[in-house]
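Below is work_39.tsv, which holds TSV, C-alpha atoms.
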chain	number	residue	atom	x	y	z
A	1	MET	CA	-50.26	34.69	47.27
A	2	ALA	CA	-46.53	35.02	46.55
A	3	GLN	CA	-45.87	31.67	48.23
A	4	LEU	CA	-48.64	30.03	46.20
A	5	SER	CA	-47.10	31.51	43.05
A	6	GLY	CA	-43.71	30.00	43.89
A	7	ASN	CA	-45.25	26.59	44.64
A	8	LEU	CA	-47.07	26.59	41.31
A	9	LEU	CA	-43.83	27.37	39.44
A	10	TYR	CA	-42.06	24.55	41.27
A	11	THR	CA	-44.95	22.20	40.42
A	12	ALA	CA	-44.74	23.18	36.74
A	13	PHE	CA	-41.00	22.49	36.74
A	14	ILE	CA	-41.49	18.99	38.16
A	15	LEU	CA	-44.29	18.22	35.71
A	16	TYR	CA	-42.17	19.35	32.74
A	17	LEU	CA	-39.41	17.08	33.99
A	18	ILE	CA	-41.78	14.12	34.19
A	19	GLY	CA	-43.23	14.96	30.77
A	20	THR	CA	-39.72	14.92	29.29
A	21	ALA	CA	-39.14	11.47	30.77
A	22	PHE	CA	-42.32	10.13	29.18
A	23	PHE	CA	-41.40	11.58	25.79
A	24	GLY	CA	-38.03	9.89	26.16
A	25	GLY	CA	-39.84	6.64	26.92
A	26	ALA	CA	-42.05	7.16	23.86
A	27	ILE	CA	-38.95	7.22	21.65
A	28	ARG	CA	-37.40	4.06	23.06
A	29	GLY	CA	-40.35	2.00	24.33
A	30	LYS	CA	-42.66	-0.34	22.48
A	31	GLN	CA	-45.76	1.50	23.70
A	32	GLY	CA	-44.61	4.81	22.29
A	33	ASN	CA	-48.05	6.26	21.60
A	34	LYS	CA	-49.26	5.62	25.14
A	35	ALA	CA	-46.13	7.16	26.69
A	36	ALA	CA	-46.40	10.16	24.35
A	37	LYS	CA	-50.04	10.73	25.31
A	38	ILE	CA	-49.11	10.66	29.00
A	39	GLY	CA	-46.16	12.95	28.28
A	40	ILE	CA	-48.22	15.61	26.52
A	41	PHE	CA	-50.97	15.38	29.17
A	42	ILE	CA	-48.44	15.97	31.97
A	43	THR	CA	-46.82	18.79	29.98
A	44	ILE	CA	-50.20	20.50	29.61
A	45	LEU	CA	-50.76	20.14	33.36
A	46	GLY	CA	-47.35	21.73	33.90
A	47	PHE	CA	-48.27	24.62	31.60
A	48	ILE	CA	-51.54	25.14	33.49
A	49	ALA	CA	-49.57	25.20	36.77
A	50	GLN	CA	-47.12	27.74	35.38
A	51	LEU	CA	-49.99	29.82	34.02
A	52	GLY	CA	-51.38	29.74	37.55
A	53	TYR	CA	-47.99	30.97	38.80
A	54	PHE	CA	-48.11	33.81	36.27
A	55	ILE	CA	-51.63	34.89	37.26
A	56	THR	CA	-51.07	34.67	41.03
A	57	ARG	CA	-47.78	36.59	40.78
A	58	TRP	CA	-49.58	39.24	38.70
A	59	ILE	CA	-52.23	39.56	41.44
A	60	ALA	CA	-49.59	39.68	44.19
A	61	GLY	CA	-47.45	42.27	42.42
A	62	GLY	CA	-50.18	44.33	40.84
A	63	HIS	CA	-48.46	44.26	37.44
A	64	ALA	CA	-47.58	41.79	34.71
A	65	PRO	CA	-44.69	39.63	36.01
A	66	VAL	CA	-42.34	40.31	33.10
A	67	SER	CA	-40.41	43.28	34.48
A	68	ASN	CA	-37.09	41.70	35.49
A	69	LEU	CA	-34.80	38.90	34.35
A	70	PHE	CA	-36.36	36.29	36.65
A	71	GLU	CA	-39.89	37.07	35.52
A	72	PHE	CA	-39.09	37.44	31.83
A	73	THR	CA	-37.02	34.26	31.61
A	74	THR	CA	-39.64	32.14	33.37
A	75	PHE	CA	-42.30	33.61	31.06
A	76	PHE	CA	-40.04	32.88	28.08
A	77	GLY	CA	-39.81	29.25	29.24
A	78	MET	CA	-43.59	29.07	29.63
A	79	MET	CA	-44.17	30.44	26.14
A	80	MET	CA	-41.69	27.92	24.75
A	81	VAL	CA	-43.71	25.12	26.35
A	82	LEU	CA	-46.90	26.60	24.87
A	83	ALA	CA	-45.31	26.74	21.41
A	84	PHE	CA	-44.19	23.13	21.78
A	85	ILE	CA	-47.67	21.96	22.84
A	86	VAL	CA	-49.28	23.58	19.79
A	87	ILE	CA	-46.66	22.21	17.39
A	88	TYR	CA	-46.82	18.75	19.00
A	89	PHE	CA	-50.52	18.42	18.22
A	90	ILE	CA	-49.78	19.26	14.59
A	91	TYR	CA	-46.81	16.95	14.03
A	92	LYS	CA	-47.06	14.39	16.90
A	93	THR	CA	-43.30	13.95	17.29
A	94	SER	CA	-42.05	12.91	20.74
A	95	THR	CA	-38.44	13.70	19.88
A	96	LEU	CA	-39.28	17.41	19.78
A	97	GLY	CA	-40.43	17.12	23.40
A	98	VAL	CA	-37.15	15.48	24.42
A	99	PHE	CA	-35.22	18.45	23.02
A	100	THR	CA	-37.63	21.36	23.66
A	101	LEU	CA	-38.76	20.71	27.22
A	102	PRO	CA	-35.22	20.44	28.65
A	103	ILE	CA	-34.42	23.86	27.14
A	104	ALA	CA	-37.52	25.31	28.83
A	105	LEU	CA	-36.48	23.61	32.07
A	106	LEU	CA	-32.99	25.11	31.83
A	107	LEU	CA	-34.47	28.56	31.27
A	108	ILE	CA	-36.75	28.29	34.31
A	109	ALA	CA	-33.98	26.89	36.51
A	110	TYR	CA	-31.59	29.57	35.26
A	111	ALA	CA	-34.13	32.28	36.08
A	112	ALA	CA	-34.50	30.89	39.61
A	113	MET	CA	-30.85	31.82	40.31
A	114	PHE	CA	-31.72	35.53	40.07
A	115	PRO	CA	-33.64	37.62	42.65
A	116	SER	CA	-37.31	36.67	42.54
A	117	ASP	CA	-38.71	39.24	44.98
A	118	ILE	CA	-41.76	41.15	43.81
A	119	SER	CA	-40.87	44.84	43.69
A	120	PRO	CA	-42.71	47.99	42.56
A	121	LEU	CA	-42.26	49.06	38.96
A	122	ILE	CA	-39.99	51.97	38.16
A	123	PRO	CA	-41.84	54.87	36.43
A	124	ALA	CA	-40.66	53.89	32.94
A	125	LEU	CA	-42.40	50.51	33.27
A	126	GLN	CA	-45.70	51.75	34.71
A	127	SER	CA	-47.68	51.25	31.53
A	128	HIS	CA	-50.05	48.70	30.05
A	129	TRP	CA	-47.51	48.46	27.23
A	130	LEU	CA	-45.28	46.45	29.58
A	131	ALA	CA	-47.53	43.40	29.29
A	132	ILE	CA	-48.28	43.98	25.59
A	133	HIS	CA	-44.70	44.52	24.40
A	134	VAL	CA	-42.81	42.07	26.61
A	135	SER	CA	-45.30	39.20	26.39
A	136	THR	CA	-45.41	39.44	22.59
A	137	VAL	CA	-41.62	39.49	22.38
A	138	ALA	CA	-41.39	36.47	24.67
A	139	LEU	CA	-43.95	34.54	22.61
A	140	GLY	CA	-42.12	35.43	19.39
A	141	ILE	CA	-38.69	34.30	20.56
A	142	ALA	CA	-40.21	31.22	22.19
A	143	ILE	CA	-41.66	30.09	18.86
A	144	LEU	CA	-38.37	30.90	17.14
A	145	SER	CA	-36.59	28.81	19.80
A	146	VAL	CA	-38.66	25.78	18.82
A	147	SER	CA	-37.08	26.11	15.37
A	148	PHE	CA	-33.72	25.84	17.14
A	149	ALA	CA	-34.79	22.62	18.87
A	150	ALA	CA	-35.89	21.21	15.50
A	151	GLY	CA	-32.62	22.32	13.89
A	152	LEU	CA	-30.59	20.69	16.65
A	153	ILE	CA	-32.50	17.43	16.21
A	154	TYR	CA	-31.77	17.56	12.48
A	155	LEU	CA	-28.05	18.17	12.97
A	156	VAL	CA	-27.62	15.56	15.70
A	157	LYS	CA	-28.95	13.01	13.23
A	158	VAL	CA	-27.10	14.05	10.06
A	159	VAL	CA	-23.70	15.18	11.36
A	160	ASP	CA	-21.12	12.42	10.98
A	161	TYR	CA	-19.01	12.18	14.14
A	162	SER	CA	-16.68	9.66	12.55
A	163	LYS	CA	-15.15	12.52	10.57
A	164	LYS	CA	-13.33	15.35	12.29
A	165	GLY	CA	-14.37	18.79	11.16
A	166	LYS	CA	-16.31	21.95	11.90
A	167	LYS	CA	-19.76	20.37	11.94
A	168	PRO	CA	-19.24	18.04	14.95
A	169	PHE	CA	-17.42	20.86	16.76
A	170	TRP	CA	-20.29	23.34	16.37
A	171	VAL	CA	-22.92	20.80	17.41
A	172	GLU	CA	-20.86	20.05	20.52
A	173	PHE	CA	-20.36	23.74	21.18
A	174	THR	CA	-24.12	24.30	21.00
A	175	LEU	CA	-24.68	21.51	23.52
A	176	TYR	CA	-21.96	22.99	25.73
A	177	VAL	CA	-23.76	26.35	25.75
A	178	LEU	CA	-26.97	24.65	26.88
A	179	ILE	CA	-25.05	22.73	29.55
A	180	SER	CA	-23.61	26.06	30.74
A	181	PHE	CA	-27.06	27.01	32.00
A	182	LEU	CA	-26.94	23.93	34.22
A	183	GLY	CA	-23.34	24.72	35.17
A	184	PHE	CA	-24.37	28.18	36.38
A	185	ILE	CA	-27.13	26.67	38.48
A	186	PHE	CA	-24.69	24.33	40.25
A	187	ILE	CA	-22.13	27.12	40.72
A	188	SER	CA	-24.77	29.44	42.19
A	189	ILE	CA	-26.02	26.75	44.57
A	190	GLY	CA	-22.43	26.09	45.67
A	191	PHE	CA	-21.63	29.74	46.43
A	192	GLY	CA	-25.03	30.16	48.06
A	193	ALA	CA	-24.39	27.19	50.34
A	194	VAL	CA	-21.31	28.92	51.79
A	195	ASP	CA	-23.16	32.27	51.89
A	196	TYR	CA	-20.51	33.97	49.74
A	197	GLU	CA	-20.61	37.76	49.56
A	198	ALA	CA	-18.05	40.38	48.55
A	199	GLN	CA	-18.82	44.10	48.66
A	200	PHE	CA	-16.99	46.75	46.65
A	201	ASN	CA	-16.86	50.52	46.41
A	202	TYR	CA	-16.49	51.61	42.78
A	203	ILE	CA	-16.78	54.59	40.44
A	204	ASN	CA	-19.77	54.41	38.09
A	205	LYS	CA	-20.02	55.81	34.55
A	206	GLU	CA	-21.23	59.16	35.90
A	207	GLY	CA	-18.07	59.43	38.03
A	208	ALA	CA	-19.92	58.94	41.32
A	209	GLN	CA	-19.05	56.41	44.00
A	210	GLU	CA	-21.38	53.45	44.47
A	211	GLN	CA	-21.36	50.08	46.21
A	212	VAL	CA	-21.97	46.69	44.67
A	213	VAL	CA	-22.27	43.18	46.10
A	214	TYR	CA	-20.99	40.00	44.44
A	215	ASN	CA	-22.49	36.63	45.32
A	216	LEU	CA	-19.98	34.77	43.14
A	217	TYR	CA	-16.21	35.20	43.42
A	218	PRO	CA	-15.40	38.38	41.39
A	219	ILE	CA	-13.27	37.21	38.48
A	220	VAL	CA	-13.97	40.62	36.97
A	221	GLY	CA	-14.38	43.59	39.29
A	222	PRO	CA	-15.93	47.06	39.00
A	223	ASN	CA	-14.19	50.20	37.81
A	224	GLU	CA	-11.64	51.33	40.42
A	225	GLY	CA	-13.18	48.79	42.76
A	226	GLU	CA	-12.17	48.75	46.43
A	227	LEU	CA	-12.92	45.51	48.28
A	228	LEU	CA	-14.76	46.19	51.55
A	229	THR	CA	-15.48	42.66	52.77
A	230	GLU	CA	-12.84	41.06	54.97
A	231	ASN	CA	-11.41	37.61	54.26
A	232	ARG	CA	-12.31	37.82	50.57
A	233	MET	CA	-9.96	37.79	47.60
A	234	ASP	CA	-9.97	40.83	45.34
A	235	SER	CA	-11.07	40.59	41.71
A	236	LEU	CA	-8.57	39.43	39.10
A	237	VAL	CA	-9.23	42.37	36.75
A	238	LYS	CA	-11.21	45.61	36.90
A	239	LEU	CA	-13.24	46.74	33.90
A	240	SER	CA	-14.87	49.82	32.43
A	241	PRO	CA	-17.86	51.41	34.24
A	242	TRP	CA	-19.87	50.90	31.03
A	243	ILE	CA	-19.84	47.15	31.67
A	244	ASN	CA	-22.05	45.60	34.34
A	245	THR	CA	-19.25	43.56	35.91
A	246	VAL	CA	-21.51	41.71	38.37
A	247	LYS	CA	-23.57	40.35	35.49
A	248	LEU	CA	-20.52	39.70	33.31
A	249	ASN	CA	-19.08	37.78	36.25
A	250	THR	CA	-22.25	35.69	36.19
A	251	VAL	CA	-21.76	34.87	32.50
A	252	ILE	CA	-18.10	33.92	33.05
A	253	TRP	CA	-19.00	31.61	35.91
A	254	SER	CA	-21.75	30.08	33.76
A	255	LEU	CA	-19.24	29.26	31.03
A	256	LEU	CA	-16.72	27.89	33.52
A	257	GLY	CA	-19.37	25.78	35.23
A	258	GLY	CA	-20.58	24.59	31.83
A	259	ALA	CA	-17.03	23.62	30.81
A	260	ILE	CA	-16.55	21.57	33.98
A	261	LEU	CA	-19.91	19.86	33.60
A	262	TYR	CA	-19.39	19.23	29.88
A	263	LEU	CA	-15.98	17.62	30.48
A	264	LEU	CA	-17.43	15.54	33.31
A	265	LEU	CA	-20.19	14.25	31.02
A	266	ARG	CA	-17.65	13.45	28.32
A	267	VAL	CA	-15.62	11.40	30.81
A	268	ILE	CA	-18.72	9.54	32.00
A	269	ILE	CA	-20.22	8.69	28.58
A	270	ARG	CA	-16.81	8.42	26.82
A	271	LYS	CA	-18.06	9.95	23.60
A	272	PRO	CA	-19.23	13.32	22.25
A	273	ILE	CA	-22.61	14.28	23.67
A	274	GLY	CA	-24.11	14.75	20.21
A	275	LYS	CA	-23.06	11.23	19.30
A	276	ALA	CA	-24.62	9.92	22.51
A	277	LEU	CA	-27.90	11.60	21.52
A	278	LYS	CA	-28.08	9.89	18.14
A	279	PRO	CA	-30.23	6.97	19.37
A	280	ALA	CA	-32.86	9.50	20.46
A	281	VAL	CA	-33.17	10.82	16.89
A	282	ALA	CA	-32.75	7.53	15.04
A	283	LYS	CA	-36.40	7.34	13.97
A	284	VAL	CA	-36.80	11.03	13.18
A	285	ASN	CA	-38.21	12.00	9.78
A	286	LEU	CA	-35.79	14.67	8.59
A	287	ASP	CA	-38.26	16.27	6.19
A	288	MET	CA	-40.79	16.67	9.00
A	289	VAL	CA	-38.20	18.14	11.40
A	290	ASP	CA	-37.05	20.55	8.68
A	291	GLU	CA	-40.66	21.62	8.13
A	292	ILE	CA	-41.17	22.15	11.88
A	293	GLY	CA	-38.14	24.44	11.99
A	294	TYR	CA	-39.34	26.42	9.00
A	295	ARG	CA	-42.96	26.70	10.19
A	296	ALA	CA	-41.79	27.86	13.63
A	297	VAL	CA	-39.88	30.71	12.00
A	298	THR	CA	-42.77	31.69	9.71
A	299	ILE	CA	-45.01	31.98	12.81
A	300	GLY	CA	-42.47	33.35	15.28
A	301	PHE	CA	-41.00	35.99	12.97
A	302	PRO	CA	-44.19	38.10	12.52
A	303	VAL	CA	-45.01	37.74	16.23
A	304	PHE	CA	-41.53	38.99	17.13
A	305	THR	CA	-41.85	41.79	14.57
A	306	LEU	CA	-45.07	42.90	16.20
A	307	GLY	CA	-43.73	42.84	19.77
A	308	GLY	CA	-40.04	43.56	19.33
A	309	LEU	CA	-40.26	46.36	16.76
A	310	ILE	CA	-43.76	47.79	16.37
A	311	PHE	CA	-45.04	47.64	19.97
A	312	ALA	CA	-41.56	48.54	21.23
A	313	ALA	CA	-41.45	51.65	19.04
A	314	ILE	CA	-44.91	52.75	20.15
A	315	TRP	CA	-44.01	52.35	23.83
A	316	ALA	CA	-40.67	54.10	23.31
A	317	GLN	CA	-42.46	57.07	21.79
A	318	LEU	CA	-44.86	57.25	24.72
A	319	ALA	CA	-42.17	56.77	27.38
A	320	TRP	CA	-39.18	58.61	25.92
A	321	SER	CA	-40.71	60.74	23.11
A	322	ARG	CA	-38.80	58.92	20.37
A	323	PHE	CA	-39.45	55.77	18.34
A	324	TRP	CA	-35.83	54.67	18.16
A	325	ALA	CA	-32.48	55.22	19.84
A	326	TRP	CA	-29.30	53.23	19.62
A	327	ASP	CA	-29.89	51.47	22.92
A	328	PRO	CA	-28.14	48.06	22.95
A	329	LYS	CA	-31.41	46.18	23.45
A	330	GLU	CA	-33.04	47.95	20.53
A	331	VAL	CA	-30.03	47.33	18.30
A	332	TRP	CA	-29.94	43.61	19.08
A	333	ALA	CA	-33.69	43.27	18.67
A	334	PHE	CA	-33.24	44.73	15.19
A	335	ILE	CA	-30.30	42.38	14.51
A	336	THR	CA	-32.52	39.46	15.54
A	337	TRP	CA	-35.23	40.67	13.16
A	338	LEU	CA	-32.74	41.09	10.30
A	339	PHE	CA	-31.33	37.62	10.83
A	340	TYR	CA	-34.68	35.85	10.66
A	341	ALA	CA	-35.70	38.00	7.69
A	342	GLY	CA	-32.49	36.79	6.05
A	343	TYR	CA	-33.34	33.20	7.02
A	344	LEU	CA	-36.70	33.42	5.26
A	345	HIS	CA	-35.10	35.05	2.23
A	346	LEU	CA	-32.48	32.30	1.93
A	347	ARG	CA	-35.07	29.60	2.49
A	348	LEU	CA	-37.63	30.88	0.01
A	349	SER	CA	-35.41	32.45	-2.67
A	350	LYS	CA	-32.18	30.46	-2.48
A	351	GLY	CA	-33.50	27.05	-1.53
A	352	TRP	CA	-31.64	26.80	1.78
A	353	GLU	CA	-33.50	23.81	3.18
A	354	GLY	CA	-32.48	20.83	5.24
A	355	GLU	CA	-29.05	21.00	6.86
A	356	ARG	CA	-28.26	24.58	5.86
A	357	SER	CA	-31.58	25.72	7.29
A	358	ALA	CA	-30.84	23.81	10.52
A	359	TRP	CA	-27.49	25.56	10.93
A	360	LEU	CA	-29.23	28.91	10.53
A	361	THR	CA	-31.65	28.10	13.37
A	362	LEU	CA	-28.65	27.49	15.65
A	363	VAL	CA	-27.22	30.90	14.77
A	364	GLY	CA	-30.61	32.50	15.34
A	365	PHE	CA	-30.91	30.98	18.79
A	366	ALA	CA	-27.39	32.19	19.62
A	367	ILE	CA	-28.53	35.73	18.78
A	368	ILE	CA	-31.63	35.29	20.96
A	369	LEU	CA	-29.51	34.09	23.88
A	370	PHE	CA	-27.08	36.97	23.49
A	371	ASN	CA	-30.00	39.38	23.48
A	372	LEU	CA	-31.43	37.73	26.59
A	373	ILE	CA	-28.21	37.21	28.53
A	374	GLY	CA	-25.36	39.19	26.99
A	375	VAL	CA	-27.25	42.46	26.50
A	376	ASN	CA	-29.27	42.22	29.72
A	377	LEU	CA	-26.38	41.16	31.91
A	378	ILE	CA	-23.33	42.90	30.51
A	379	ILE	CA	-24.14	46.05	28.54
A	380	ALA	CA	-25.58	49.02	30.42
A	381	GLY	CA	-28.49	50.70	28.67
A	382	LEU	CA	-32.09	51.83	29.00
A	383	HIS	CA	-33.19	48.21	29.43
A	384	SER	CA	-30.71	47.47	32.24
A	385	TYR	CA	-33.58	47.52	34.76
A	386	ALA	CA	-34.73	44.23	33.20
A	387	MET	CA	-32.58	42.16	35.55
Represent the supplied structure as structure tokens.
Amino acid sequence: MAQLSGNLLYTAFILYLIGTAFFGGAIRGKQGNKAAKIGIFITILGFIAQLGYFITRWIAGGHAPVSNLFEFTTFFGMMMVLAFIVIYFIYKTSTLGVFTLPIALLLIAYAAMFPSDISPLIPALQSHWLAIHVSTVALGIAILSVSFAAGLIYLVKVVDYSKKGKKPFWVEFTLYVLISFLGFIFISIGFGAVDYEAQFNYINKEGAQEQVVYNLYPIVGPNEGELLTENRMDSLVKLSPWINTVKLNTVIWSLLGGAILYLLLRVIIRKPIGKALKPAVAKVNLDMVDEIGYRAVTIGFPVFTLGGLIFAAIWAQLAWSRFWAWDPKEVWAFITWLFYAGYLHLRLSKGWEGERSAWLTLVGFAIILFNLIGVNLIIAGLHSYAM
């Protein structure tokens, strides 16, 4: 069953890739409608395959497969595809597929770099609230992420690259962050090919000695870390026990890999990546893209509120006898909620539409990514098991 689950996820990935290609063909080709119909059909097939992965993994594990970083991130990608499919049938814009599906693909590929073994749930997760809370959160941020894709489309079209300034820089930086997911994948494959491993003794935040294994060269090492593996270089710096240095090391390598890949792409195409994407958005109706971004937030925000705040508080009360604590994950979930509440306020009360609204969706997605990656991978807290 576990092998079938993995095969279905791989099949979904390939189908999403093919669907993206057809949406790209719909933008450039003369038979755009036909290519778009094939693209959305293949994307739906991919979603069905990934849904099959989700169900079979649930059966194999005996619990909802959303309990660690691999499972949650793949589910996040699946929900993003679902949100795209629904929005596509409303607005029928192929360009959204060209921008949304690659983000979902990056999320799934990124997740595949983390341990995917099915393991028993720790006591804190042995509750039906696991599926209710986490799945609702994932659906909420997935819908909100579609607003980011719409905002990026808007900005790629309107930002003038002939003028130097902050706007081209921030569009390029956003694209660099997305490329960093791909950079991490290549880096992980490279270190995996040489079977890299470095083991350390270190002192944890309770003052006890533990061991930790790095599968990427340790740029940052654990607190008072002692390298145990022969023929391996020691870490460059050692950090506080309150920081998960293995996961922080992963983030650093992602950014380094992304920088290398971004520079390589710049050399190959000889222009900023955002500028190279302009032909893909040439026929985009800006008013429609702006509306897609706004509608995605109006739908995603209440869903996230339900899962990230209300269901989370109920489960916290049942599991830990309190509705709220200043756990990093809880704090950043609340920051995410405040940001999108502010977005809606600025949009409805202050008239922040169009370009200003698009910039806000980029900031919102940055907060979502930090909550997904930065908080989960770097900061130790009650949600640190979600790795």
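CA of Ala282 (chain A) is found 12.5 Å from CA of Gly24 (chain A).
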At a cut-off of 8 Å, using all atoms listed in the file, what residues contact Thr95 (chain A)? Leave out same-chain residues fewer than 2 positions from it and give the result as a tab-separated table (two decimals) with C-alpha atoms, in the coordinates of the input.
chain	number	residue	atom	x	y	z
A	23	PHE	CA	-41.40	11.58	25.79
A	24	GLY	CA	-38.03	9.89	26.16
A	27	ILE	CA	-38.95	7.22	21.65
A	93	THR	CA	-43.30	13.95	17.29
A	97	GLY	CA	-40.43	17.12	23.40
A	98	VAL	CA	-37.15	15.48	24.42
A	99	PHE	CA	-35.22	18.45	23.02
A	153	ILE	CA	-32.50	17.43	16.21
A	280	ALA	CA	-32.86	9.50	20.46
A	281	VAL	CA	-33.17	10.82	16.89
A	284	VAL	CA	-36.80	11.03	13.18
Applying 10 Å and only C-alpha atoms, which residues near Ala104 (chain A) remain after dropping the ones on its own chain fewer than 3 positions away? List them as a PyMOL selection string. chain A and resi 13+16-17+73-81+84+99-101+107-110+142+145
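Here CA of Pro272 (chain A) is placed at a distance of 8.7 Å from CA of Pro168 (chain A).
Among A:Ile243, A:Lys238, A:Leu264, A:Gln126, the residue with the shortest atom-to-atom distance to Gly183 (chain A), counting all atoms listed in the file, is A:Leu264.
What separates CA of Gly151 (chain A) from CA of Gly364 (chain A) is a distance of 10.5 Å.
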Please tabulate, as CSV, the residues of region 140-258 of chain A that come within 10 Å of region 304-310 of chain A, each with its closest pair of atoms and the distance in Å to one decimal, counting all atoms listed in the file and ordering rows by chain, then residue number upward.
residue,atom,partner,partner_atom,distance
A:Gly140,CA,A:Phe304,CA,4.3
A:Ile141,CA,A:Phe304,CA,6.5
A:Ala142,CA,A:Phe304,CA,9.4
A:Ile143,CA,A:Phe304,CA,9.1
A:Leu144,CA,A:Phe304,CA,8.7
Include C-alpha atoms and write out the residues we just selected as a JSON list (two decimals), in the frame of the given file.
[["chain", "number", "residue", "atom", "x", "y", "z"],
["A", 140, "GLY", "CA", -42.12, 35.43, 19.39],
["A", 141, "ILE", "CA", -38.69, 34.30, 20.56],
["A", 142, "ALA", "CA", -40.21, 31.22, 22.19],
["A", 143, "ILE", "CA", -41.66, 30.09, 18.86],
["A", 144, "LEU", "CA", -38.37, 30.90, 17.14]]
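Restricting the calculation to only C-alpha atoms, the smallest distance between Met233 (chain A) and any of A:Ala198, A:Ile260, A:Ile14, A:Ala276 is found for A:Ala198.
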